[in-house]
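A.B. asks: Take this structure first; my questions come after.
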Amino acid sequence: MSAKILDGKALAARLQTEMAEQVQTWIPQVGRPPGLAVLRVGEDPASAAYVRGKERACERVGMASFGQHFSAEAPPSQLLDTILRLNQDERVDGILVQLPLPPGWDPIPPLLAIEPDKDVDGLHPMNLGRLLRGEPGLQSCTPLGVMRLLQTEGIPLSGKQAVVVGRSILVGKPLSLMLLAADATVTLAHSRTPDLADVTRRADIVVMAVGKPNLLSADMVKPGAVVIDVGINRTLTPDGSSQLVGDVCYEEVKEVAAAITPVPGGVGPMTVTMLLHNTLESYRLRNRRGNGCSL
Ligand SMILES: Nc1nc(=O)c2c([nH]1)NC[C@@H]1CN(c3ccc(C(=O)N[C@@H](CCC(=O)O)C(=O)O)cc3)C=[N+]21
């Protein structure tokens, strides 16, 4: 039996169409479109590609984008000043700093400078604290995309064993808290976990968020488990062309899992969609408070 393919790309397209319709009904009430500012530093080609993808998605749903690019040699105060200005800018609902920053750039000051209510990446300590405490707040896009995909596919989480592999602040840690909030029993494994296979084999839901191709093989998966692949790795094929792969041995794992996300076309498109979702949420909250209109 072969696993159900969890088509993140299709779900992302559907959600973006819905958002585009909502945006069109809200613009006349508010008098402006929702706005997102993506800030990029340096010349990392992968970051440049991701930022382009985010800006294109913005345009597709009718949002305004206020992107800015800084040289890796620019003084970090330039980035901070820009963030402070965008915090005050009424046209901007979301601000994000594309990570990783170039060597020598400390990500903490810019992440702290972003106004928490515009922090659409959910990385400000205020929003991370809200997530930890189970309070409403902006939440990290990739974990949110994984949760939305699981919920839309009707995959039950309450009482299930969920194993997350990878403890990053962008994915592993926040996703563990979200799965916990959904009443899963959560294990957070990482590079120092001995006998990873022994841990993953207990899981009803395995999430891979490490960044190592082929880390999860079929013998590490309980038959009938759900496998979510957050890994994004660029590898070279024998003929020399570049290929995007996740952290999962996809071809063999899909023969034992009940459901699996592909790479590309799984979690990646959901990440971008949740960024738009967070920007819209911030726009709605800002205008609800601001002028009493009911978005
Ligand atoms: N502050 C910050 N926030 C982020 O959300 C953030 C970040 N920094 N740094 C890098 C990671 C990576 N990331 C992805 C977004 C979309 C795809 C995506 O759309 N992937 C497509 C394929 C894209 C391609 O072909 O290259 C897919 O999986 O189908 C992947 C990865 C967001 N990140």
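Just remember, in the structure tokens the first chain shown is A, the second B, etc., residues are 1-based per chain, and ligands are 1-based in the order shown.
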Enumerate the residues of stretch 78-251 of chain A with a DSSP assignment of alpha helix (DSSP H), computed from the backbone, and present them as a PyMOL selection string.

C.D. replies: chain A and resi 78-88+108-113+125-133+141-152+172-181+196-200+250-251

A.B. asks: Within 8 Å of ligand 1, which residues show up when you count only C-alpha atoms and all ligand atoms? List them as number ranges by chain, please.

C.D. replies: A: 8-9, 46-47, 49-50, 53-54, 96-100, 121, 140-142, 170, 232, 244, 262-272, 275

A.B. asks: Do a neighbour search on A:Ala113 at 12 Å with only C-alpha atoms, toss out local chain neighbours closer than 2 positions, and write the hits as a PyMOL selection string.

C.D. replies: chain A and resi 77+79-88+95-97+107-111+115-119+123-126

A.B. asks: Please report as JSON lines every residue of stretch 250-294 of chain A lying within 10 Å of stretch 204-210 of chain A, along with the nearest atom pair and their distance in Å (one decimal), using only C-alpha atoms.

C.D. replies:
{"residue": "A:Ala257", "atom": "CA", "partner": "A:Asp204", "partner_atom": "CA", "distance": 9.6}
{"residue": "A:Ala258", "atom": "CA", "partner": "A:Asp204", "partner_atom": "CA", "distance": 9.7}
{"residue": "A:Ala259", "atom": "CA", "partner": "A:Ile205", "partner_atom": "CA", "distance": 9.5}
{"residue": "A:Ile260", "atom": "CA", "partner": "A:Val206", "partner_atom": "CA", "distance": 9.6}
{"residue": "A:Thr261", "atom": "CA", "partner": "A:Val207", "partner_atom": "CA", "distance": 9.9}

A.B. asks: Select, from A:Ser65, A:Gln139, A:Thr185, A:Ser241, the residue with the minimum atom-to-atom distance to A:Asn278, counting only C-alpha atoms.

C.D. replies: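 Closest to A:Asn278 of all the choices is A:Gln139.
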